[in-house]
Amino acid sequence: MKMAYCVEERSSSCFSMDGTMDSLQKVVVAKNKRTTLERAEKFISSHYFTDVNLYGRLYPKKVPVPNIKHYAAPDRIPYQKAVNQTFKDVKIGQSFGPVWSTHWFKLDINIPEDWLGKEVRLVWNSGSEAMVWKDGEPLQGLSDCCRADFILSKNLTKKELRHSLYIEMACNTMFGAGLNSMIAPPDNNKQFTLSSVEIAVFDRDVYDLLRDFELLVDIVKHMSDEDQRAYQALYTANRMVNVCHLDNRDSYKEAHQIAKEFFAQRNGDSQHIVHAMGHCHIDSAWLWTYDETKRKCARSWSSTLRLMDSYPNFTFVCSQAQQFEWVKTNYPGLYDRMKEKVKSGQFVPVGGCWVEMDGNVPSGESFIRQFLLGQKFFQKEFGIKCKEFWLPDTFGYSGQLPQIMNSAGIQRFVTQKMSWSLVNKFPHNTFIWEGIDGSQTLSHFPPGDNYCMECKVEDFLKTLKGNKDKGRVNNSMMLYGFGDGGGGPTEDMLERLVRLEDTDGLPKVKMSTPNQFFDDVEKTSNDVCKWIGELYLELHQGTFTTQAKIKRYNRKLEFLLHNLESAATIASIKNKSYEYPQQALCQMWKDFLLNQFHDVLPGSCIELVVDDAIELYQNIEKTANEELQRACNALCDAADKINMEPSITILNTHAWERFEVVTLPDKEKGDLPAVKKQKLSRTTGEVNRNGQTLVAVKTAPFGVGTLTEVEVVPVQIHQDSKGIIHLQNEHISAQIDDSGRITSLCHRKSGRDAIPSGCYGNQFVLFDDVPLYWDAWDVMDYHLETRKPITAIKTSVQVVEKNKLCCAVQVSLQISKDSHIEQVISLDATSKYLKVDAKVCWHENRKFLKVEFPVSVRSMNATYECQFGHLQRPTHGNTSWDWARYEVVGQKWVDLSEHNWGVAVMNDCKYGHCTQGNVIRLSLLRSPKAPDANADMGNHDFTYAVFPHTGTFQEAGVIQASYDLNNPLRVWTNTNTIAHGFQSFFQLDSPAVVLDTVKKAEELPNVIVLRLYESFGSNVDVTLSSQLPIKSVARCNILEEVEDKALEWTNQSVKISFTPFQIVSLLVYL
C-alpha cells in the first residue's frame, strides 16, 4: 500500500513509502510549523517583502493629489465659515500645529479615466485625526491609527472623475497628544506632518484574500497545538500561498475558495454564542477637551453610518445622551442620518444616562438626574427608553445603582471595568446584581475584558475561555470598535465577523444588540449567581481624591441645586407671580451632570479639561445663586408683612428641626438692628473673629421664616498651664495641643473619651504616592508603609474666637518648604461635633495628604455613607478581598461603632477614606503629575468634623448632622419685615426617612415631585405632612411616571411604608 506523508508542495510528483514515484501527485515536503506560519505571515505583511507579496498589491495604482490648499483656522470653526476663507498652497511634508489647533485643506481631485470601473479611494496621512467634508456634510473620519482612507467610488463612473473635498484636520491623535506617553500631559510643541495625500485604486479581491489569510494565521497562532483545527488552518493557508500567483488574478478566486471552504465548516449546536456589537467608547473628555469630543463624535459616527450602508446586518450601540445632543446641535445633517439608522435598528442608543458618569462620587440625586435626563432625551428624540444601563469604563459602582436603574425602567447592566481589579478577579461574567435595598438587575461583564475589541480570532477565543459562568450561561457579549478616543468599528472588523459567523473551533458569532443578548440569556440560562452590594474596583482608588477643586464644586453644587429647587418649588406655589426657572435648571443640570463624566469628576483628565469643568461650575454657581435669591425673595413677598423695614430671614431645606449658630449677612456686621427688633435672647448676637454677627437659631422642618428666639448653654474655652486648649459645650469637651492635635474628645453625658490615651486625633499625615503607571488614578497599597506624621509647627495654637456662641483656635503646620496647612478648630454652643476648617497651600510631587483619628472603638466593620444609604466595610485584612479595600469611597460621613458607642467623621467635600483597626483616615489631597502636571497645586479649603456619640449613629443623628454640615441654613436680609415665626412646608414623623428632593415635575403642570429615602436600614412607616394646597399624591418612578394608584391623602398627610434603603418618589398634585 502506498502512503504519502507530510505537507504538499508545488511539485508535480510525490514519493510513496516504497520509494516509487507517483507522477500525477504533488511532492510531499516535511514542514516546520514556524516556517510555514511565518511564510503565510510574510505573504500578507505590510512591512516585509511588499514588492513580491500580496499586501503590496492592495493599492496597485496610486497618484498624489496635486494643488493642496490650506487654511489655518483660529479655532474649531464650522464648515460654512471655514470654506469661505482664503486657502493657500501647501506641499506634502509640511508640518502643522500647535496641538489642539485646526487646519482645513481643500482637495480638487481628478481621477484618471483609465481607472473607470475600479474602486478608488483617497489615502490620507497627517498623523492626526481628520474629517472628510463634502457639500457641507461630514462624511467620514480619518485617523492616525484606524482609518487611513476614504472611498471615493466603489465602481468608478465618468460622473465620478471629479471630486471636491474639504479635510478638517485636528492637531491631536485619537488619544490626545501626550509627551512620550499616552497619559502624560500634552506636548504643546508637537507638530503633525502631512506625509501623504493620494488617490489610489483599491483591489477588492486582494483585500478579501488578506482578510482570509489574516484569520487563518491567527487561528494557528492562538489555538493550542493540541487542537487539530489550528493545523488545518496552517495547511489551508499554505495551500492558498501555493495557488496564489500575483500575476494571475484568477488564482485569487481559487485561493479565496479554499478559505471559504475552511470557514464554512460548522460548529456543533452546543457551541458558545458570541453576540457581537459595534461600539465606539468616546470619553466625553479625558486627554482632550469637551469641544474636541464633539468632533470625535462626528468623525466616529459618520464613519459608522457609511459602514451600515455596506453591511445591513451591522449593529452599533451608542450611549450618552449628551453626545447625541452635541451632534444634533453641531451636525444636524449627520444627526438626521443617525435617526434613520436608529429607526432601522442598526444604530442602537443604550445606557439611558446623560453621560457615562462616575459610579462612586455623585450623590444619589445626581445619579437619578443622569437617568432622568438621559431617558427623557432618548424617548423624545427616538421614541425609545433604554432597557440597559451601559457603563463600561467607570471605576466602581455604588450599591444603590440597581434600585435607581430599576426605577428608570432598566433591569439590565453592562460593564467590563471590574476585570481591571488588581488583586481579586470578579467571579462572574453574567449574574444578578442585588443592591443594598434588594433591587436586582441582570448584569453582564463581557468575558473578553475589553470594550474595544477588533473581531480577531484572539478576541473570540478570549471571550470563550474567559466566561466564568460556563455551564450556566452559553452567551456572551463582544464589543468591538476602536474606542476611548473614538473611531469605532472598521471594515476589517466587519469582514472578520462575516467569515467567522459559524466556523468550527471558534464560538458562533452573530451581530446582535443588548436586548437580543439579554433575551437569550433569560431564555437559556439557569441558576445564575448573585452578587450583593457595591461593585468595588480594586484599582483607581486615587480617583476618590484627585482634583479636589472639582470634587468640592461637585458637593457644593449638589446642595446648591437642592436648595434652589426646594425654594423655587415652594415659591411657585406660594407666589403666583413667581416663575419657576425650569429651563435654567435644566441647563444647569445638564452642565453639572456633564462634569460627572467618569474622567472629569474622578480627576483623571488633562489640565484643559479641568479648566473647562471649573468654568462650567462657576457659571452654574453664579446662575443658581441668582435664581435662589430670586426664589427666596419671592417667598418673602408671599408672606404676611408687618412693616417695610428689613428683617433677617432663614431658609431650611431639610425636613427636620435645626438648632444651630448662624452668621448674619455682611451688611449686619457689628450691628444688630434687625436682631433687636426681633427681641432675641441675651445669649445671641455675638461678634465673631471676622466682625460678623453670630446668632443662635432654631428652625422648624423644611421651611422659611424669621429668626426664632432660643436659649443656649454658652460654649467655654481656656488654656491650661501646659498650653493645652480646652473647649466645652453642653454636649462635648475637647483638648487641643500646640500643633492642633486632639488629645481628648469627651462625650459629656456618658463621660467616654473618643481619643485613646496617648493617641492624637486630627493628626495630619503624609504618604509617598507613586503608583505603577496610572498616576492620577491609582494609589497603591504600599503607600501605607510610608506614613509620615506632620509635626512641624509654623504657628502654634492660639485662641482666635471666644464668645458665648462659638470658640475657636487656629494653628498652622509646615508640610514642606512649599506647602503648609492652616486650620481653625471650632466648637459652637449648639454643636455635637468638633469642627475643623482647613486651608492648605499645596505644592507637592506625588504625595498624599490625609488626616487621621484613632478612636476608642473596637469593631470589625466601619460604616460609610453611600448614595441614599450606607454600607459596611471591614476594618481588618483577613482575606485578600478585605485588604484590597485599603482606600474606599464614602459620601458625607464614616462611622466606627461598637455597642452603644461610636465616633463619626464628617466632611463637606471629601470622598476617599481608609479605616484600619481603630484608625479612621480621611483623604484630603493628592499630587499626581499625569495627565495634568499641575493637578491639585494651589490653595484648598475644606471642612471636616468629628462626632462622638452614644447609641447607634442613626439614633445619634449623624446622618442629619452631615447634611447640616454640608448645607448651612441660608440667611439673608429681606427688604420687608415679615410676620414673626417659621412656616414649615413638609414634616416627617420619623428620623429614619430623609426628604431629599423637592422639585417641580419635568412635564406635568401643577405637579411637584418629592423624593424620600429610608436612611437607617430599617422597615418603617412614616407620615408625611404638609400645609400646602395638595389635592392628591401618587407614587412614581424616577422618570416621573405614575407607578401605583393614588395614595390616600387625608388630613393634610399621607402614610408611606419603607423598606431598608428604599427610595420613594411621589407626584404631588396641587
# chains A, B, ... in the order shown; residues from 1 in each chain; ligands from 1

$ residues_around --residues "stretch 378-386 of chain A" --least-positions-apart "6" --cutoff "9 Å" --atoms "only C-alpha atoms" --output "number ranges by chain"
A: 321, 339, 342-343, 349-353, 408-410

$ residues_around --residues "stretch 958-968 of chain A" --least-positions-apart "4" --cutoff "7 Å" --atoms "only C-alpha atoms" --output "PyMOL selection string"
chain A and resi 559+892-893+906+908+953-954

$ residues_around --residues "stretch 592-603 of chain A" --least-positions-apart "5" --cutoff "8 Å" --atoms "only C-alpha atoms" --output "number ranges by chain"
A: 283-286, 322, 354-359, 361-362, 366, 369-370, 393-395, 543-547, 550-551, 554, 609-610, 613, 616-617, 620, 776-777

$ closest_atom_pairs --of "stretch 763-782 of chain A" --to "stretch 849-869 of chain A" --cutoff "12 Å" --atoms "only C-alpha atoms" --output "tab-separated table"
residue	atom	partner	partner_atom	distance
A:Gln763	CA	A:Glu852	CA	5.3
A:Phe764	CA	A:Val851	CA	4.3
A:Val765	CA	A:Lys850	CA	5.4
A:Leu766	CA	A:Leu849	CA	4.8
A:Phe767	CA	A:Leu849	CA	6.6
A:Asp768	CA	A:Leu849	CA	9.2
A:Asp769	CA	A:Leu849	CA	9.5
A:Val779	CA	A:Leu849	CA	11.9

$ closest_residue --among "A:Glu129, A:Glu607, A:Asp212, A:Glu730" --to "A:Ala930" --atoms "only C-alpha atoms"
A:Glu607

$ closest_residue --among "A:His540, A:Lys1045, A:Lys341, A:His47" --to "A:Asp778" --atoms "only C-alpha atoms"
A:His540

$ residues_around --residues "stretch 742-754 of chain A" --least-positions-apart "3" --cutoff "9 Å" --atoms "only C-alpha atoms" --output "tab-separated table (two decimals) with C-alpha atoms, in the first residue's frame"
chain	number	residue	atom	x	y	z
A	724	ILE	CA	-3.41	72.69	76.18
A	729	ASN	CA	-20.22	72.98	75.38
A	730	GLU	CA	-23.15	71.07	76.82
A	731	HIS	CA	-22.51	68.05	74.57
A	732	ILE	CA	-18.76	67.52	74.24
A	733	SER	CA	-15.42	68.68	75.55
A	734	ALA	CA	-12.11	68.68	73.72
A	735	GLN	CA	-8.45	69.22	74.42
A	736	ILE	CA	-6.14	70.57	71.70
A	737	ASP	CA	-2.33	70.55	71.89
A	757	SER	CA	-4.89	57.64	75.84
A	758	GLY	CA	-1.57	58.59	74.26
A	759	CYS	CA	-3.06	58.95	70.79
A	760	TYR	CA	-3.72	62.02	68.70
A	761	GLY	CA	-6.81	62.84	66.70
A	762	ASN	CA	-6.71	65.37	63.90
A	763	GLN	CA	-3.20	64.16	63.06
A	832	LYS	CA	-22.47	67.88	69.00
A	834	LEU	CA	-15.89	69.43	66.84
A	853	PHE	CA	-8.42	59.89	64.03
A	854	PRO	CA	-7.52	56.93	66.27
A	855	VAL	CA	-10.71	56.30	68.24
A	856	SER	CA	-11.62	54.30	71.33
A	857	VAL	CA	-13.82	51.88	69.42
A	901	TRP	CA	-20.69	53.95	71.47
A	902	GLY	CA	-19.15	55.28	68.31
A	903	VAL	CA	-17.33	58.06	66.52
A	946	VAL	CA	-15.55	64.56	64.44
A	947	PHE	CA	-18.70	63.45	66.24
A	948	PRO	CA	-18.56	61.15	69.32
A	949	HIS	CA	-21.87	59.59	70.25
A	950	THR	CA	-23.65	57.02	72.33

$ closest_residue --among "A:His940, A:Arg412, A:His272, A:Arg34" --to "A:Ser439" --atoms "only C-alpha atoms"
A:Arg412

$ closest_residue --among "A:Ser577, A:Ser1053, A:Ser880, A:Asn125" --to "A:Phe192" --atoms "only C-alpha atoms"
A:Asn125

$ closest_residue --among "A:Thr50, A:Thr304, A:Gln583, A:Asn360" --to "A:Phe482" --atoms "only C-alpha atoms"
A:Thr304

$ closest_residue --among "A:Val998, A:Ile273, A:Met493, A:Cys636" --to "A:Asn474" --atoms "only C-alpha atoms"
A:Ile273

$ residues_around --residues "stretch 466-473 of chain A" --least-positions-apart "3" --cutoff "12 Å" --atoms "only C-alpha atoms" --output "PyMOL selection string"
chain A and resi 270-274+419+425-431+444-450+458-463+476-478+507+517-518+520-530

$ atom_distance --atom1 "atom CA of A:Trp972" --atom2 "atom CA of A:Asp996"
22.9 Å

$ residues_around --residues "stretch 1012-1014 of chain A" --least-positions-apart "4" --cutoff "8 Å" --atoms "only C-alpha atoms" --output "list in words"
Phe868, Gly869, Ala992, Val993, Val994, Leu995, Asp996, Thr997, Ser1018, Val1020, Phe1058, Thr1059, Pro1060, Phe1061, Gln1062, Ile1063, Val1064 and Ser1065 of chain A

$ write_last_selection --atoms "C-alpha atoms" --output "compact mmCIF listing (two decimals), in the first residue's frame"
# COMPACT_ATOMS: atom_id res chain seq x y z
CA PHE A 868 -29.34 57.10 49.64
CA GLY A 869 -27.99 54.82 52.35
CA ALA A 992 -35.27 57.31 59.53
CA VAL A 993 -36.69 58.89 56.38
CA VAL A 994 -34.98 61.78 54.61
CA LEU A 995 -36.83 64.14 52.29
CA ASP A 996 -34.01 64.55 49.82
CA THR A 997 -35.56 66.36 46.86
CA SER A 1018 -34.97 49.66 58.59
CA VAL A 1020 -40.58 51.94 58.84
CA PHE A 1058 -40.46 52.00 53.58
CA THR A 1059 -38.16 49.01 53.42
CA PRO A 1060 -34.43 49.40 54.18
CA PHE A 1061 -32.77 51.99 51.91
CA GLN A 1062 -35.85 52.25 49.73
CA ILE A 1063 -36.19 55.33 47.53
CA VAL A 1064 -39.72 56.62 47.10
CA SER A 1065 -40.68 59.26 44.54

$ atom_distance --atom1 "atom CA of A:Tyr235" --atom2 "atom CA of A:Asp502"
20.0 Å

$ atom_distance --atom1 "atom CA of A:Val243" --atom2 "atom CA of A:Leu54"
12.3 Å

$ select_by_dssp --residues "stretch 739-988 of chain A" --states "helix (DSSP H, G or I)" --output "number ranges by chain"
A: 781-786, 880-883, 953-956, 958-966

$ residues_around --residues "A:Leu494" --least-positions-apart "3" --cutoff "8 Å" --atoms "only C-alpha atoms" --output "PyMOL selection string"
chain A and resi 311+314+455+489-491+497-498

$ write_last_selection --atoms "C-alpha atoms" --output "PDB file, in the first residue's frame"
ATOM      1  CA  TYR A 311     -23.267  45.960   5.898  1.00  0.00           C
ATOM      2  CA  PHE A 314     -24.167  45.571  11.229  1.00  0.00           C
ATOM      3  CA  CYS A 455     -13.056  40.840  15.939  1.00  0.00           C
ATOM      4  CA  PRO A 489     -15.773  49.675  14.018  1.00  0.00           C
ATOM      5  CA  THR A 490     -13.905  49.356  10.747  1.00  0.00           C
ATOM      6  CA  GLU A 491     -14.357  47.494   7.506  1.00  0.00           C
ATOM      7  CA  LEU A 497     -17.224  38.864  11.524  1.00  0.00           C
ATOM      8  CA  VAL A 498     -18.711  37.747   8.216  1.00  0.00           C
TER       9      VAL A 498
END
